[in-house]
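As provided, target16.cif (mmCIF, C-alpha atoms) reads as follows.
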```
data_entry
#
loop_
_atom_site.label_atom_id
_atom_site.label_comp_id
_atom_site.auth_asym_id
_atom_site.auth_seq_id
_atom_site.Cartn_x
_atom_site.Cartn_y
_atom_site.Cartn_z
CA MET A 198 346.47 177.94 312.99
CA ASN A 199 345.00 174.96 314.85
CA MET A 200 342.29 177.22 316.25
CA PHE A 201 341.22 178.22 312.73
CA ILE A 202 341.13 174.58 311.63
CA LYS A 203 338.96 173.69 314.62
CA ILE A 204 336.60 176.59 313.89
CA HIS A 205 336.41 175.49 310.25
CA GLN A 206 335.66 171.91 311.32
CA LEU A 207 332.96 173.20 313.65
CA PHE A 208 331.36 175.14 310.82
CA GLU A 209 331.55 172.08 308.61
CA GLN A 210 329.51 170.19 311.21
CA THR A 211 326.66 172.65 310.68
CA ARG A 212 326.24 171.32 307.12
CA LYS A 213 324.12 168.55 308.65
CA PHE A 214 321.46 171.22 309.03
CA ASP A 215 321.90 172.95 305.67
CA PHE A 216 318.42 171.82 304.63
CA LEU A 217 316.98 174.41 307.02
CA ALA A 218 317.97 177.36 304.82
CA PRO A 219 316.00 176.38 301.68
CA LEU A 220 313.16 175.13 303.88
CA ALA A 221 312.98 178.54 305.58
CA LEU A 222 313.00 180.34 302.22
CA ARG A 223 310.24 178.09 300.89
CA LEU A 224 308.03 178.44 303.97
CA TYR A 225 308.49 182.20 304.01
CA LEU A 226 307.37 182.49 300.37
CA VAL A 227 304.39 180.11 300.61
CA PRO A 228 301.83 182.49 302.20
CA ILE A 229 302.99 185.38 300.01
CA PHE A 230 302.28 183.55 296.76
CA TRP A 231 299.25 181.72 298.13
CA MET A 232 297.53 184.97 299.11
CA ALA A 233 298.51 186.71 295.87
CA GLY A 234 297.32 183.84 293.68
CA THR A 235 294.10 182.97 295.47
CA LYS A 236 293.14 186.64 295.70
CA LYS A 237 293.45 186.93 291.93
CA LEU A 238 291.48 183.70 291.39
CA ALA A 239 288.69 184.80 293.75
CA ALA A 240 288.12 187.98 291.73
CA MET A 241 289.27 186.90 288.28
CA GLU A 242 286.95 189.24 286.35
CA SER A 243 288.29 192.33 288.12
CA THR A 244 291.84 190.94 287.97
CA ILE A 245 291.60 190.63 284.18
CA THR A 246 290.18 194.15 283.94
CA TRP A 247 292.99 195.52 286.12
CA PHE A 248 295.64 193.68 284.08
CA GLY A 249 294.29 195.13 280.84
CA ASN A 250 293.10 198.65 281.64
CA PRO A 251 295.70 201.23 280.49
CA ASP A 252 294.16 204.14 282.45
CA TRP A 253 293.99 202.83 286.01
CA GLY A 254 295.37 199.30 285.62
CA LEU A 255 298.52 197.70 284.28
CA GLY A 256 297.71 198.01 280.57
CA LEU A 257 299.19 194.59 279.77
CA PRO A 258 298.56 192.83 276.45
CA PHE A 259 296.40 189.68 276.55
CA PRO A 260 295.07 190.53 280.03
CA ALA A 261 292.98 187.36 280.43
CA LEU A 262 295.92 185.11 279.59
CA MET A 263 298.33 187.11 281.76
CA ALA A 264 295.93 187.20 284.72
CA TRP A 265 295.29 183.46 284.58
CA LEU A 266 299.00 182.68 284.20
CA ALA A 267 299.92 184.90 287.14
CA ALA A 268 297.15 183.57 289.39
CA LEU A 269 297.82 179.90 288.64
CA THR A 270 301.59 180.30 288.83
CA GLU A 271 301.35 181.96 292.24
CA THR A 272 298.77 179.50 293.61
CA PHE A 273 300.43 176.31 292.38
CA GLY A 274 303.83 177.83 293.12
CA ALA A 275 302.85 178.20 296.77
CA VAL A 276 301.80 174.54 296.92
CA PHE A 277 304.97 173.37 295.17
CA LEU A 278 307.13 175.44 297.52
CA LEU A 279 305.28 174.11 300.56
CA PHE A 280 305.98 170.50 299.67
CA GLY A 281 309.35 171.12 298.05
CA PHE A 282 308.18 169.74 294.71
CA ALA A 283 309.79 170.88 291.43
CA VAL A 284 311.18 173.90 293.29
CA ARG A 285 313.86 174.78 290.74
CA TYR A 286 311.30 174.59 287.93
CA ILE A 287 308.54 176.61 289.62
CA SER A 288 311.08 179.26 290.69
CA ILE A 289 311.45 180.36 287.05
CA PRO A 290 307.83 181.45 286.39
CA LEU A 291 307.58 182.86 289.93
CA MET A 292 310.67 184.99 289.27
CA PHE A 293 309.06 186.14 286.04
CA THR A 294 305.92 187.24 287.92
CA MET A 295 308.13 189.22 290.32
CA VAL A 296 309.86 190.98 287.41
CA VAL A 297 306.52 191.83 285.81
CA ALA A 298 305.15 193.07 289.17
CA ALA A 299 308.26 195.17 289.83
CA VAL A 300 308.20 196.79 286.39
CA THR A 301 304.45 197.29 285.91
CA VAL A 302 303.19 197.94 289.45
CA HIS A 303 306.03 199.10 291.67
CA TRP A 304 308.76 200.70 289.53
CA GLN A 305 307.34 204.24 289.47
CA ASN A 306 307.26 204.21 293.31
CA GLY A 307 311.01 203.73 293.66
CA TRP A 308 312.71 201.21 295.91
CA LEU A 309 311.00 201.47 299.30
CA ALA A 310 307.95 199.33 300.02
CA ILE A 311 307.12 201.40 303.11
CA ALA A 312 307.73 205.14 303.39
CA GLU A 313 310.34 205.51 306.14
CA GLY A 314 310.70 209.22 306.65
CA ALA A 315 312.23 212.36 305.26
CA GLY A 316 315.86 212.19 304.19
CA SER A 317 315.79 208.49 303.28
CA LEU A 318 318.55 207.47 300.88
CA PHE A 319 316.01 205.70 298.67
CA ALA A 320 313.30 208.38 298.69
CA ASN A 321 311.87 209.68 295.42
CA GLU A 322 309.08 212.17 294.69
CA ARG A 323 306.35 209.62 295.39
CA THR A 324 308.02 208.56 298.63
CA VAL A 325 308.24 212.18 299.74
CA GLY A 326 304.49 212.56 299.02
CA ALA A 327 303.77 209.44 301.06
CA ILE A 328 305.88 210.78 303.92
CA GLU A 329 303.99 214.10 303.84
CA ARG A 330 300.66 212.24 304.03
CA LEU A 331 301.98 210.12 306.89
CA ASP A 332 303.10 213.20 308.81
CA LYS A 333 299.69 214.85 308.27
CA ALA A 334 297.87 211.68 309.39
CA LYS A 335 299.98 211.53 312.56
CA GLU A 336 299.20 215.19 313.24
CA ILE A 337 295.45 214.56 312.88
CA MET A 338 295.60 211.47 315.11
CA ARG A 339 297.55 213.34 317.79
CA GLU A 340 294.97 216.10 317.79
CA TYR A 341 291.73 214.10 317.50
CA GLY A 342 292.58 210.52 318.48
CA HIS A 343 294.32 208.47 321.12
CA TYR A 344 297.71 208.50 319.40
CA ASP A 345 299.64 206.86 322.27
CA TRP A 346 297.14 203.97 322.40
CA LEU A 347 297.08 203.65 318.60
CA THR A 348 300.87 203.44 318.38
CA GLU A 349 301.73 201.46 321.52
CA ASN A 350 302.49 198.35 319.44
CA GLY A 351 304.22 200.13 316.56
CA SER A 352 304.36 203.22 314.42
CA PHE A 353 301.93 204.16 311.72
CA VAL A 354 303.36 203.75 308.24
CA VAL A 355 302.28 204.52 304.70
CA LEU A 356 302.68 201.87 302.03
CA ASN A 357 304.94 203.36 299.37
CA ASN A 358 304.55 200.26 297.15
CA GLY A 359 308.08 200.36 295.72
CA ILE A 360 309.96 197.43 294.24
CA GLU A 361 311.63 196.38 297.52
CA PHE A 362 309.39 193.36 298.25
CA ALA A 363 309.27 192.15 294.64
CA ALA A 364 313.07 192.38 294.42
CA THR A 365 313.48 190.56 297.73
CA TYR A 366 311.17 187.73 296.66
CA PHE A 367 313.00 187.52 293.33
CA ILE A 368 316.35 187.11 295.14
CA MET A 369 314.88 184.42 297.40
CA LEU A 370 313.50 182.55 294.37
CA LEU A 371 316.82 182.93 292.55
CA THR A 372 318.53 181.35 295.53
CA LEU A 373 316.05 178.45 295.48
CA PHE A 374 316.60 178.05 291.73
CA PHE A 375 320.30 177.48 292.32
CA ILE A 376 320.27 175.48 295.56
CA GLY A 377 316.97 173.63 295.10
CA ALA A 378 314.42 172.59 297.69
CA GLY A 379 316.94 171.23 300.17
CA ARG A 380 317.44 167.83 301.74
CA TYR A 381 315.02 165.79 303.83
CA ALA A 382 312.06 168.21 304.02
CA SER A 383 311.20 168.17 300.32
CA ILE A 384 309.64 165.84 297.80
CA ASP A 385 312.45 166.76 295.39
CA HIS A 386 315.02 165.27 297.77
CA TRP A 387 313.20 161.96 298.08
CA LEU A 388 312.47 161.74 294.34
CA ARG A 389 316.14 162.36 293.61
CA ARG A 390 317.18 159.66 296.08
CA ARG A 391 314.71 157.22 294.56
CA PHE A 392 315.26 157.83 290.87
CA MET A 393 318.74 159.42 290.65
CA PRO A 394 320.89 157.75 293.29
CA GLN A 395 324.49 158.90 293.31
#
```

Please render this file's structure as structure tokens.
Amino acid sequence: MNMFIKIHQLFEQTRKFDFLAPLALRLYLVPIFWMAGTKKLAAMESTITWFGNPDWGLGLPFPALMAWLAALTETFGAVFLLFGFAVRYISIPLMFTMVVAAVTVHWQNGWLAIAEGAGSLFANERTVGAIERLDKAKEIMREYGHYDWLTENGSFVVLNNGIEFAATYFIMLLTLFFIGAGRYASIDHWLRRRFMPQ
């Protein structure tokens, strides 16, 4: 029993570093939302068209409003996450953008973001089509290219574009919503210490 108490006490000592977990989540998400938001802002006309077009786009209502909201939420969200400012608040609209992305862009492609191979537990018809194209591309590269050189640092993959990434980012944001920005390495921590001392 004493051994378990000592192990528990040892684990309790790690709480001194518990700020690293939310910091890691925030820093992981920063470039994802920064790139998504600034890419939309840089091509806002085509972003609005894509948001609104029902034939080859998302077919969303109020495409200009939705495009601007998504782009600004992602861009400012990245900055807020970087500095740990208003993290619980910005997590809400960022989670909403992930739900919209999952439902409107990725849902029909199933779960997998990257087509893994035949027989995958999460494969659907679109994934199977992506796998077939990947197999054909590999066959062509083996026959006409330098396949060993092309794959020496990793395998070729086909983007399946399923909901996997959007769901993962949503879960990370949900975690930040509940635990906040973390201690020490966030503006939220220092504002709380200054204006809401315990």

Which residues fall under the PyMOL selection byres ((chain A and resi 266) around 12) in this file, as a list in words?
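Output from the PyMOL selection byres ((chain A and resi 266) around 12), applied to this file: Gly234, Lys237, Leu238, Met241, Thr244, Ile245, Phe248, Phe259, Pro260, Ala261, Leu262, Met263, Ala264, Trp265, Ala267, Ala268, Leu269, Thr270, Glu271, Thr272, Phe273, Gly274, Pro290, Leu291, Phe293, Thr294 and Val297 of chain A.
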
Residues from the last selection, C-alpha atoms, saved as an mmCIF file, in the coordinates of the input:
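That gives us part_14.cif:
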```
data_model
loop_
_atom_site.group_PDB
_atom_site.id
_atom_site.type_symbol
_atom_site.label_atom_id
_atom_site.label_comp_id
_atom_site.auth_asym_id
_atom_site.auth_seq_id
_atom_site.Cartn_x
_atom_site.Cartn_y
_atom_site.Cartn_z
ATOM 1 C CA GLY A 234 297.320 183.840 293.680
ATOM 2 C CA LYS A 237 293.450 186.930 291.930
ATOM 3 C CA LEU A 238 291.480 183.700 291.390
ATOM 4 C CA MET A 241 289.270 186.900 288.280
ATOM 5 C CA THR A 244 291.840 190.940 287.970
ATOM 6 C CA ILE A 245 291.600 190.630 284.180
ATOM 7 C CA PHE A 248 295.640 193.680 284.080
ATOM 8 C CA PHE A 259 296.400 189.680 276.550
ATOM 9 C CA PRO A 260 295.070 190.530 280.030
ATOM 10 C CA ALA A 261 292.980 187.360 280.430
ATOM 11 C CA LEU A 262 295.920 185.110 279.590
ATOM 12 C CA MET A 263 298.330 187.110 281.760
ATOM 13 C CA ALA A 264 295.930 187.200 284.720
ATOM 14 C CA TRP A 265 295.290 183.460 284.580
ATOM 15 C CA ALA A 267 299.920 184.900 287.140
ATOM 16 C CA ALA A 268 297.150 183.570 289.390
ATOM 17 C CA LEU A 269 297.820 179.900 288.640
ATOM 18 C CA THR A 270 301.590 180.300 288.830
ATOM 19 C CA GLU A 271 301.350 181.960 292.240
ATOM 20 C CA THR A 272 298.770 179.500 293.610
ATOM 21 C CA PHE A 273 300.430 176.310 292.380
ATOM 22 C CA GLY A 274 303.830 177.830 293.120
ATOM 23 C CA PRO A 290 307.830 181.450 286.390
ATOM 24 C CA LEU A 291 307.580 182.860 289.930
ATOM 25 C CA PHE A 293 309.060 186.140 286.040
ATOM 26 C CA THR A 294 305.920 187.240 287.920
ATOM 27 C CA VAL A 297 306.520 191.830 285.810
#
```

Taking the file above as input, evaluate the PyMOL selection byres ((chain A and resi 310) around 10) and report the hits as a ChimeraX atom specification.
/A:303,306-309,311-313,324,355-363

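Picture a line from CA of Ile204 (chain A) to CA of Met369 (chain A); it runs 28.4 Å.
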
Expressed in Å to a single decimal, how great is the separation between CA of Val284 (chain A) and CA of Lys236 (chain A)?
22.2 Å

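When all atoms listed in the file are used to measure the gap to Lys213 (chain A), the shortest distance among A:Phe367, A:Tyr341, A:Phe392, A:Tyr381 belongs to A:Tyr381.
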
If I take CA of Pro228 (chain A) and CA of Met292 (chain A), how far is one from the other in Å, to one decimal?
15.9 Å

Go through A:Leu278, A:Ala239, A:Ala378, A:Ala299 one by one, measure the shortest atom-to-atom distance of each to Phe216 (chain A) using all atoms listed in the file, and give the residue with the smallest value.
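Closest to Phe216 (chain A) of all the choices is A:Ala378.
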
Test item: residues at most 12 Å from Asp385 (chain A), only C-alpha atoms, excluding those fewer than 2 positions along its chain, as a list of chain:residue names:
A:Leu220, A:Phe277, A:Leu278, A:Leu279, A:Phe280, A:Gly281, A:Phe282, A:Ala283, A:Val284, A:Arg285, A:Tyr286, A:Ile376, A:Gly377, A:Ala378, A:Gly379, A:Arg380, A:Tyr381, A:Ala382, A:Ser383, A:Trp387, A:Leu388, A:Arg389, A:Arg390, A:Arg391, A:Phe392, A:Met393

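Closest approach to Ser288 (chain A) among A:Thr246, A:Gly342, A:Ala275, A:His205: A:Ala275, based on all atoms listed in the file.
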
For this structure, which residues satisfy the selection - the PyMOL selection byres ((chain A and resi 222) around 10) - when it is evaluated on the file as given? I want them as number ranges by chain.
A: 217-221, 223-227, 278, 366, 369-370, 372-373, 378

Distance criterion (all atoms listed in the file): nearest to Ile229 (chain A) out of A:Leu257, A:Val276, A:Met338, A:Leu207:
A:Val276

Would you list the residues near (298.7, 207.6, 311.8), meaning any protein, DNA or RNA residue with an atom at most 8 Å from that point in file coordinates, counting all atoms listed in the file, as a list in words?
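Protein and nucleic acid residues near the point are Leu331, Asp332, Ala334, Lys335, Glu336, Ile337, Met338, Tyr344, Ser352, Phe353 and Val354 of chain A.
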
Save the residues we just selected, C-alpha atoms, as a PDB file, keeping the file's coordinate frame?
```pdb
ATOM      1  CA  LEU A 331     301.980 210.120 306.890  1.00  0.00           C
ATOM      2  CA  ASP A 332     303.100 213.200 308.810  1.00  0.00           C
ATOM      3  CA  ALA A 334     297.870 211.680 309.390  1.00  0.00           C
ATOM      4  CA  LYS A 335     299.980 211.530 312.560  1.00  0.00           C
ATOM      5  CA  GLU A 336     299.200 215.190 313.240  1.00  0.00           C
ATOM      6  CA  ILE A 337     295.450 214.560 312.880  1.00  0.00           C
ATOM      7  CA  MET A 338     295.600 211.470 315.110  1.00  0.00           C
ATOM      8  CA  TYR A 344     297.710 208.500 319.400  1.00  0.00           C
ATOM      9  CA  SER A 352     304.360 203.220 314.420  1.00  0.00           C
ATOM     10  CA  PHE A 353     301.930 204.160 311.720  1.00  0.00           C
ATOM     11  CA  VAL A 354     303.360 203.750 308.240  1.00  0.00           C
TER      12      VAL A 354
END
```

N, CA and C atoms of region 226-239 of chain A, written as a PDB file, in the first residue's frame:
```pdb
ATOM      1  N   LEU A 226      -2.772  23.875 -32.385  1.00  0.00           N
ATOM      2  CA  LEU A 226      -3.905  24.392 -33.151  1.00  0.00           C
ATOM      3  C   LEU A 226      -3.612  25.719 -33.855  1.00  0.00           C
ATOM      4  N   VAL A 227      -2.648  26.485 -33.348  1.00  0.00           N
ATOM      5  CA  VAL A 227      -2.371  27.808 -33.914  1.00  0.00           C
ATOM      6  C   VAL A 227      -2.120  27.769 -35.422  1.00  0.00           C
ATOM      7  N   PRO A 228      -1.146  27.007 -35.930  1.00  0.00           N
ATOM      8  CA  PRO A 228      -0.900  27.054 -37.380  1.00  0.00           C
ATOM      9  C   PRO A 228      -2.063  26.516 -38.201  1.00  0.00           C
ATOM     10  N   ILE A 229      -2.826  25.588 -37.651  1.00  0.00           N
ATOM     11  CA  ILE A 229      -3.974  25.031 -38.374  1.00  0.00           C
ATOM     12  C   ILE A 229      -4.992  26.125 -38.650  1.00  0.00           C
ATOM     13  N   PHE A 230      -5.363  26.866 -37.607  1.00  0.00           N
ATOM     14  CA  PHE A 230      -6.381  27.914 -37.790  1.00  0.00           C
ATOM     15  C   PHE A 230      -5.807  29.140 -38.490  1.00  0.00           C
ATOM     16  N   TRP A 231      -4.539  29.438 -38.257  1.00  0.00           N
ATOM     17  CA  TRP A 231      -3.919  30.574 -38.934  1.00  0.00           C
ATOM     18  C   TRP A 231      -3.922  30.355 -40.446  1.00  0.00           C
ATOM     19  N   MET A 232      -3.489  29.178 -40.875  1.00  0.00           N
ATOM     20  CA  MET A 232      -3.437  28.900 -42.317  1.00  0.00           C
ATOM     21  C   MET A 232      -4.835  28.869 -42.919  1.00  0.00           C
ATOM     22  N   ALA A 233      -5.779  28.254 -42.210  1.00  0.00           N
ATOM     23  CA  ALA A 233      -7.152  28.179 -42.731  1.00  0.00           C
ATOM     24  C   ALA A 233      -7.769  29.567 -42.852  1.00  0.00           C
ATOM     25  N   GLY A 234      -7.595  30.385 -41.822  1.00  0.00           N
ATOM     26  CA  GLY A 234      -8.195  31.724 -41.838  1.00  0.00           C
ATOM     27  C   GLY A 234      -7.547  32.670 -42.816  1.00  0.00           C
ATOM     28  N   THR A 235      -6.220  32.717 -42.829  1.00  0.00           N
ATOM     29  CA  THR A 235      -5.538  33.656 -43.728  1.00  0.00           C
ATOM     30  C   THR A 235      -5.684  33.248 -45.188  1.00  0.00           C
ATOM     31  N   LYS A 236      -5.802  31.949 -45.437  1.00  0.00           N
ATOM     32  CA  LYS A 236      -6.039  31.490 -46.814  1.00  0.00           C
ATOM     33  C   LYS A 236      -7.401  31.976 -47.296  1.00  0.00           C
ATOM     34  N   LYS A 237      -8.393  31.901 -46.448  1.00  0.00           N
ATOM     35  CA  LYS A 237      -9.725  32.406 -46.811  1.00  0.00           C
ATOM     36  C   LYS A 237      -9.686  33.915 -47.033  1.00  0.00           C
ATOM     37  N   LEU A 238      -9.012  34.638 -46.150  1.00  0.00           N
ATOM     38  CA  LEU A 238      -8.939  36.099 -46.273  1.00  0.00           C
ATOM     39  C   LEU A 238      -8.201  36.531 -47.536  1.00  0.00           C
ATOM     40  N   ALA A 239      -7.164  35.798 -47.903  1.00  0.00           N
ATOM     41  CA  ALA A 239      -6.365  36.155 -49.081  1.00  0.00           C
ATOM     42  C   ALA A 239      -7.139  35.987 -50.377  1.00  0.00           C
TER      43      ALA A 239
END
```
